[in-house]
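J.: Below you'll find query-v6.cif; it's mmCIF, C-alpha atoms.
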data_run
#
loop_
_atom_site.label_atom_id
_atom_site.label_comp_id
_atom_site.auth_asym_id
_atom_site.auth_seq_id
_atom_site.Cartn_x
_atom_site.Cartn_y
_atom_site.Cartn_z
CA MET A 1 18.77 3.42 -46.13
CA THR A 2 17.01 0.30 -47.43
CA ASP A 3 15.61 -0.73 -44.05
CA SER A 4 12.12 -2.12 -44.40
CA TYR A 5 10.78 -0.29 -41.33
CA LEU A 6 11.44 3.13 -42.88
CA TYR A 7 8.37 3.16 -45.12
CA PRO A 8 5.68 2.66 -42.44
CA ILE A 9 7.41 5.23 -40.20
CA VAL A 10 7.44 7.83 -42.98
CA ALA A 11 3.82 6.97 -43.81
CA LEU A 12 2.81 8.01 -40.28
CA LEU A 13 3.63 11.66 -41.08
CA PRO A 14 0.92 12.26 -43.76
CA LEU A 15 -1.51 10.21 -41.66
CA THR A 16 -1.21 12.48 -38.61
CA ALA A 17 -1.14 15.56 -40.85
CA CYS A 18 -4.50 14.54 -42.36
CA ILE A 19 -5.96 14.00 -38.87
CA LEU A 20 -4.71 17.48 -37.89
CA VAL A 21 -6.30 19.14 -40.92
CA PHE A 22 -9.74 17.66 -40.18
CA GLN A 23 -9.94 18.90 -36.58
CA VAL A 24 -12.63 21.50 -35.84
CA ASN A 25 -11.94 22.47 -32.24
CA PRO A 26 -8.78 24.63 -31.96
CA TYR A 27 -7.65 23.02 -28.70
CA HIS A 28 -8.01 19.51 -30.13
CA ALA A 29 -6.01 20.68 -33.14
CA LEU A 30 -3.24 21.85 -30.80
CA VAL A 31 -2.98 18.43 -29.15
CA ILE A 32 -2.91 16.72 -32.56
CA ARG A 33 -0.19 19.19 -33.58
CA GLY A 34 1.84 17.84 -30.66
CA ILE A 35 1.36 14.29 -31.96
CA LEU A 36 2.41 15.46 -35.44
CA GLY A 37 5.53 17.07 -33.94
CA ALA A 38 6.46 13.85 -32.13
CA VAL A 39 6.01 11.76 -35.30
CA ALA A 40 7.97 14.30 -37.36
CA ALA A 41 10.84 14.18 -34.84
CA LEU A 42 10.81 10.37 -35.13
CA VAL A 43 10.96 10.52 -38.93
CA TYR A 44 13.82 13.03 -38.95
CA ALA A 45 15.82 11.02 -36.39
CA VAL A 46 15.30 7.74 -38.27
CA LEU A 47 16.36 9.36 -41.54
CA GLY A 48 19.59 10.49 -39.87
CA ALA A 49 18.94 14.20 -39.29
CA ALA A 50 19.40 14.31 -35.53
CA ASP A 51 19.74 18.11 -35.36
CA VAL A 52 16.50 18.65 -37.28
CA ALA A 53 14.72 16.19 -34.99
CA LEU A 54 15.96 18.04 -31.91
CA THR A 55 14.80 21.39 -33.32
CA GLU A 56 11.40 19.95 -34.22
CA ALA A 57 10.94 18.59 -30.70
CA LEU A 58 12.11 21.77 -28.95
CA VAL A 59 10.48 24.42 -31.14
CA GLY A 60 7.72 22.63 -33.04
CA THR A 61 6.36 20.58 -30.17
CA MET A 62 7.10 22.53 -27.02
CA LEU A 63 7.37 26.23 -27.83
CA ALA A 64 4.86 26.51 -30.67
CA ILE A 65 2.13 24.56 -28.89
CA THR A 66 2.49 26.49 -25.65
CA LEU A 67 2.46 29.86 -27.39
CA TYR A 68 -0.49 28.87 -29.59
CA ALA A 69 -2.43 27.60 -26.57
CA VAL A 70 -1.96 30.96 -24.83
CA ALA A 71 -2.93 32.82 -28.01
CA VAL A 72 -6.07 30.73 -28.65
CA ARG A 73 -7.08 30.99 -25.01
CA SER A 74 -6.84 34.78 -24.97
CA SER A 75 -8.44 35.36 -28.37
CA LEU A 76 -11.39 32.93 -28.31
CA VAL A 77 -13.17 34.74 -25.48
CA MET A 78 -16.20 36.99 -25.13
CA ARG A 79 -15.72 39.57 -22.36
CA LEU A 80 -19.10 40.48 -20.92
CA GLY A 81 -19.41 43.46 -18.58
CA VAL A 82 -22.02 43.11 -15.83
CA LEU A 83 -23.07 45.31 -12.94
CA GLU A 84 -21.60 44.27 -9.63
CA SER A 85 -24.91 44.77 -7.84
CA ALA A 86 -26.63 42.33 -10.16
CA SER A 87 -24.37 39.49 -9.15
CA ALA A 88 -23.45 40.20 -5.52
CA THR A 89 -25.13 42.68 -3.15
CA SER A 90 -28.52 44.44 -2.61
CA LEU A 91 -30.80 41.78 -1.23
CA ASP A 92 -34.21 42.66 -2.65
CA VAL A 93 -32.85 43.22 -6.15
CA SER A 94 -30.77 40.05 -6.16
CA GLN A 95 -33.71 37.99 -4.97
CA SER A 96 -35.55 38.56 -8.23
CA ALA A 97 -32.74 39.54 -10.60
CA GLN A 98 -30.07 36.98 -9.96
CA PRO A 99 -31.80 33.77 -11.11
CA GLN A 100 -32.75 35.39 -14.40
CA LEU A 101 -29.28 36.77 -14.98
CA GLU A 102 -27.74 33.42 -14.09
CA GLN A 103 -30.12 31.64 -16.45
CA TRP A 104 -29.30 34.06 -19.26
CA LEU A 105 -25.58 33.66 -18.65
CA ASP A 106 -25.92 29.87 -18.71
CA ASN A 107 -27.80 30.07 -22.01
CA LEU A 108 -25.12 32.39 -23.37
CA ARG A 109 -22.37 29.98 -22.29
CA THR A 110 -24.00 27.03 -24.03
CA LEU A 111 -24.46 29.12 -27.18
CA LEU A 112 -20.84 30.26 -27.15
CA ILE A 113 -19.41 26.79 -26.49
CA LYS A 114 -20.87 25.68 -29.82
CA HIS A 115 -18.56 28.20 -31.47
CA HIS A 116 -15.60 27.26 -29.18
CA LEU A 117 -15.85 30.61 -27.40
CA ARG A 118 -15.47 31.22 -23.69
CA LEU A 119 -17.48 33.67 -21.56
CA GLU A 120 -15.51 35.92 -19.22
CA LEU A 121 -17.42 38.16 -16.80
CA VAL A 122 -16.05 41.58 -15.90
CA ASN A 123 -17.67 43.35 -12.94
CA TYR A 124 -18.28 47.09 -12.91
CA PRO A 125 -19.61 49.07 -9.92
CA ASP A 126 -22.09 51.32 -11.71
CA ARG A 127 -23.92 51.75 -15.00
CA GLN A 128 -21.87 54.73 -16.17
CA ARG A 129 -18.54 52.91 -15.94
CA LEU A 130 -20.11 49.91 -17.69
CA HIS A 131 -21.07 52.00 -20.72
CA GLN A 132 -17.72 53.79 -20.65
CA ALA A 133 -15.94 50.39 -20.74
CA LEU A 134 -17.96 49.42 -23.81
CA LYS A 135 -17.04 52.70 -25.50
CA ASP A 136 -13.37 52.29 -24.58
CA GLN A 137 -13.43 48.74 -26.09
CA ASP A 138 -12.49 47.16 -22.76
CA VAL A 139 -15.29 44.60 -23.10
CA HIS A 140 -16.99 43.01 -26.09
CA ALA A 141 -20.51 43.27 -24.69
CA ILE A 142 -22.36 44.51 -21.63
CA CYS A 143 -25.43 43.06 -19.92
CA THR A 144 -27.65 45.60 -18.13
CA PRO A 145 -31.13 45.41 -16.65
CA LEU A 146 -33.50 47.64 -18.64
CA GLU A 147 -34.81 50.65 -16.78
CA ALA A 148 -38.51 50.70 -16.02
CA GLU A 149 -39.40 53.78 -18.03
CA SER A 150 -37.77 52.45 -21.19
CA LEU A 151 -40.00 49.38 -21.24
CA GLU A 152 -43.16 49.31 -23.20
CA ASN A 153 -44.96 47.24 -20.65
CA GLN A 154 -44.19 48.45 -17.16
CA ALA A 155 -46.29 45.81 -15.46
CA ILE A 156 -43.94 43.08 -16.65
CA ALA A 157 -40.94 45.05 -15.51
CA ALA A 158 -42.12 45.20 -11.93
CA ASP A 159 -41.63 41.52 -11.20
CA SER A 160 -39.21 40.42 -13.93
CA PRO A 161 -36.46 42.82 -14.99
CA ILE A 162 -35.50 42.35 -18.61
CA TYR A 163 -31.82 42.17 -19.41
CA CYS A 164 -30.47 43.90 -22.46
CA THR A 165 -27.18 42.68 -23.86
CA THR A 166 -25.40 45.28 -25.96
CA ILE A 167 -22.77 43.82 -28.26
CA ARG A 168 -19.99 45.89 -29.78
CA ILE A 169 -18.71 43.37 -32.33
CA PRO A 170 -20.96 42.91 -35.40
CA ARG A 171 -19.89 39.31 -36.09
CA LEU A 172 -20.61 38.26 -32.50
CA TYR A 173 -23.99 39.98 -32.72
CA ASP A 174 -24.84 38.09 -35.92
CA ILE A 175 -23.86 34.75 -34.40
CA LEU A 176 -25.88 35.27 -31.22
CA GLN A 177 -28.86 36.73 -33.08
CA SER A 178 -29.11 33.74 -35.41
CA GLU A 179 -28.65 31.26 -32.54
CA LEU A 180 -31.28 32.96 -30.36
CA SER A 181 -33.83 33.25 -33.14
CA SER A 182 -33.42 29.60 -34.08
CA SER A 183 -33.50 28.10 -30.59
CA HIS A 184 -36.42 30.08 -28.98
CA LEU A 185 -34.57 30.59 -25.75
CA THR A 186 -35.38 32.85 -22.85
CA PRO A 187 -37.56 35.84 -23.73
CA SER A 188 -36.27 37.74 -20.71
CA ALA A 189 -33.13 38.79 -22.53
CA ARG A 190 -32.81 40.89 -25.61
CA LEU A 191 -29.90 41.70 -27.83
CA ALA A 192 -28.86 45.08 -29.09
CA GLN A 193 -26.03 46.17 -31.31
CA PHE A 194 -23.77 48.93 -30.08
CA GLU A 195 -23.35 51.70 -32.61
CA GLU A 196 -20.42 54.00 -32.30
CA VAL A 197 -21.42 57.66 -32.16
CA SER A 198 -19.05 59.47 -34.45
CA LEU A 199 -18.00 62.84 -33.16
CA MET B 200 15.25 -6.65 -35.05
CA ASN B 201 12.97 -5.19 -37.72
CA VAL B 202 10.12 -7.17 -36.18
CA ILE B 203 10.44 -5.16 -32.95
CA LEU B 204 10.21 -1.87 -34.83
CA ILE B 205 7.26 -3.01 -36.93
CA ALA B 206 5.48 -4.05 -33.73
CA MET B 207 6.20 -0.62 -32.20
CA ILE B 208 4.80 1.10 -35.29
CA LEU B 209 1.62 -0.95 -34.98
CA ALA B 210 1.43 -0.03 -31.28
CA LEU B 211 1.87 3.62 -32.27
CA LEU B 212 -1.25 3.40 -34.45
CA ILE B 213 -3.45 2.67 -31.41
CA PRO B 214 -3.09 6.10 -29.66
CA ILE B 215 -3.24 7.88 -33.05
CA TYR B 216 -6.58 6.22 -33.75
CA GLU B 217 -7.73 7.07 -30.22
CA ALA B 218 -6.76 10.74 -30.69
CA CYS B 219 -8.57 10.78 -34.01
CA GLN B 220 -11.94 9.54 -32.80
CA ASP B 221 -12.24 10.71 -29.16
CA GLU B 222 -14.01 13.99 -28.35
CA ASP B 223 -12.73 14.56 -24.81
CA ILE B 224 -9.68 16.81 -24.71
CA TRP B 225 -8.06 14.88 -21.83
CA GLN B 226 -8.33 11.63 -23.79
CA LYS B 227 -6.49 13.39 -26.59
CA MET B 228 -3.83 14.51 -24.10
CA LEU B 229 -3.43 10.92 -22.97
CA ALA B 230 -2.98 9.85 -26.58
CA PHE B 231 -0.42 12.63 -27.05
CA ALA B 232 1.52 11.42 -23.99
CA SER B 233 1.47 7.89 -25.34
CA VAL B 234 2.65 8.95 -28.82
CA ALA B 235 5.39 11.24 -27.45
CA THR B 236 6.83 8.48 -25.29
CA LYS B 237 6.52 5.78 -27.96
CA THR B 238 8.23 7.83 -30.68
CA SER B 239 11.17 8.70 -28.45
CA MET B 240 11.51 5.06 -27.42
CA MET B 241 11.56 4.14 -31.11
CA ILE B 242 14.33 6.70 -31.68
CA LEU B 243 16.31 5.05 -28.86
CA VAL B 244 15.79 1.57 -30.34
CA VAL B 245 16.92 2.75 -33.78
CA SER B 246 20.00 4.40 -32.26
CA VAL B 247 20.94 1.15 -30.50
CA LEU B 248 20.36 -0.84 -33.72
CA ARG B 249 22.59 1.46 -35.74
CA ASP B 250 25.06 2.02 -32.87
CA ASP B 251 24.70 5.78 -33.42
CA TRP B 252 25.19 7.79 -30.22
CA MET B 253 24.17 11.10 -31.77
CA ILE B 254 20.65 9.84 -32.44
CA GLY B 255 20.63 8.27 -28.96
CA VAL B 256 21.33 11.58 -27.21
CA VAL B 257 18.66 13.29 -29.32
CA GLY B 258 16.20 10.53 -28.38
CA VAL B 259 16.83 11.08 -24.68
CA ILE B 260 16.35 14.85 -25.04
CA ILE B 261 13.11 14.35 -27.03
CA LEU B 262 11.88 11.92 -24.36
CA SER B 263 12.22 14.58 -21.67
CA VAL B 264 11.07 17.55 -23.80
CA GLY B 265 7.93 15.78 -24.97
CA ASN B 266 6.81 15.30 -21.38
CA ALA B 267 7.64 18.93 -20.56
CA ALA B 268 5.46 20.15 -23.44
CA LEU B 269 2.68 17.88 -22.25
CA MET B 270 2.85 19.34 -18.75
CA LEU B 271 2.78 22.96 -19.98
CA LEU B 272 -0.18 22.27 -22.27
CA ALA B 273 -2.05 20.43 -19.51
CA HIS B 274 -1.66 23.39 -17.14
CA ILE B 275 -3.04 25.81 -19.73
CA LEU B 276 -5.99 23.51 -20.48
CA LYS B 277 -6.71 23.09 -16.77
CA ARG B 278 -6.81 26.87 -16.24
CA LEU B 279 -9.11 27.10 -19.25
CA ASN B 280 -11.76 24.98 -17.52
CA GLN B 281 -11.48 26.86 -14.24
CA LEU B 282 -12.41 30.29 -15.65
#
Rewrite the coordinates I just gave you, this time as structure tokens.

T.:
Amino acid sequence: MTDSYLYPIVALLPLTACILVFQVNPYHALVIRGILGAVAALVYAVLGAADVALTEALVGTMLAITLYAVAVRSSLVMRLGVLESASATSLDVSQSAQPQLEQWLDNLRTLLIKHHLRLELVNYPDRQRLHQALKDQDVHAICTPLEAESLENQAIAADSPIYCTTIRIPRLYDILQSELSSSHLTPSARLAQFEEVSL
Amino acid sequence: MNVILIAMILALLIPIYEACQDEDIWQKMLAFASVATKTSMMILVVSVLRDDWMIGVVGVIILSVGNAALMLLAHILKRLNQL
């Protein structure tokens, strides 16, 4: 146990642990966790604990990373409900509506990527089911074109439909509100917070 | 013989530094692949030096399991970019 190569090998463990702690992106942290697991298995094997090294490689490196990757992937997501007609059919509507919706979704994606979130679109056939899905907590937010009578200025609504994004989760609303107010992005979209009607 | 191991430890520092400073996730995966293979090779070298077959068998298993974990993680990351 007085081999001279033991000390640098053991010193690798705190080094990789420090790198792991300073990661910001969760996926990058997972990959570094794999590196930490490999180095830990090396240290355990060199120190003579072969069974511990095997367990670290099997559980710590393979199982834990895979399960955590699935968990991070399914939790760091914003599910946005959209109307099917807005993204697919009805020619005269899609001619004017689709570029704006696409632009708004692109803006939303770039805003969310800053916070390591992913945007997942869920299509619904009509407006009623969209609102029902928001109430049932199937989606985190919905994006609907505002109806003409609810707009203050109907002349604007005729050629450019304004999209209203209703967000159910307060923290998500705060993040997007602060990002939108600081970056002066598209005025064609507005945010609204969904308030639960207590019965 | 210690010189070989010291050289391998120095070689191990290269992918660790690369994983530390690179922003692309696939570069980090490459560094992870490099580290996983290098550490298991070091376990094999140590087992030959000490003439210890128990550590040798564990080194072989870690060599294969590390690549399996890499493949699983790469598939999940690839599906992440598709959606």

J.: Using only C-alpha atoms, which of B:Gln220, B:Asn201, B:Gln226, B:Ser263 sits nearest chain A?

T.: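 Distance minimum relative to chain A lands on B:Asn201.
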
J.: Near chain B, meaning an atom within 9 Å, which residues of chain A appear when counting all atoms listed in the file? Write them as a PyMOL selection string.

T.: chain A and resi 3-5+8-9+12+16+19-20+23+27-28+31-32+34-35+37-39+41-43+45-46+48-51+53-54+57-58+61-63+65-66+69-70+73+118-120

J.: Record the distance separating CA of Val24 in chain A and CA of Ile213 in chain B, expressed in Å with one decimal.

T.: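 Value for the CA of Val24 in chain A-CA of Ile213 in chain B distance: 21.4 Å.
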
J.: Please report the interatomic distance between CA of Ile169 in chain A and CA of His131 in chain A in Å with one decimal.

T.: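 It comes out at 14.7 Å.
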
J.: Please, what distance in Å, to one decimal, runs between CA of Val77 in chain A and CA of Ile113 in chain A?

T.: 10.2 Å

J.: Mind telling me what the PyMOL selection byres ((chain A and resi 140) around 8) catches here, as a PyMOL selection string?

T.: chain A and resi 78-81+134+137-139+141-142+167-169

J.: Counting only C-alpha atoms, which of A:Cys164, A:Leu47, A:Leu83, A:Val10 gets nearest to Leu146 in chain A?

T.: A:Cys164

J.: Excluding same-chain residues fewer than 3 positions from range 170-177 of chain A, what lies within 10 Å of it counting all atoms listed in the file, as a PyMOL selection string?

T.: chain A and resi 78+108+111-112+115+140-141+165-167+180-182+190-195
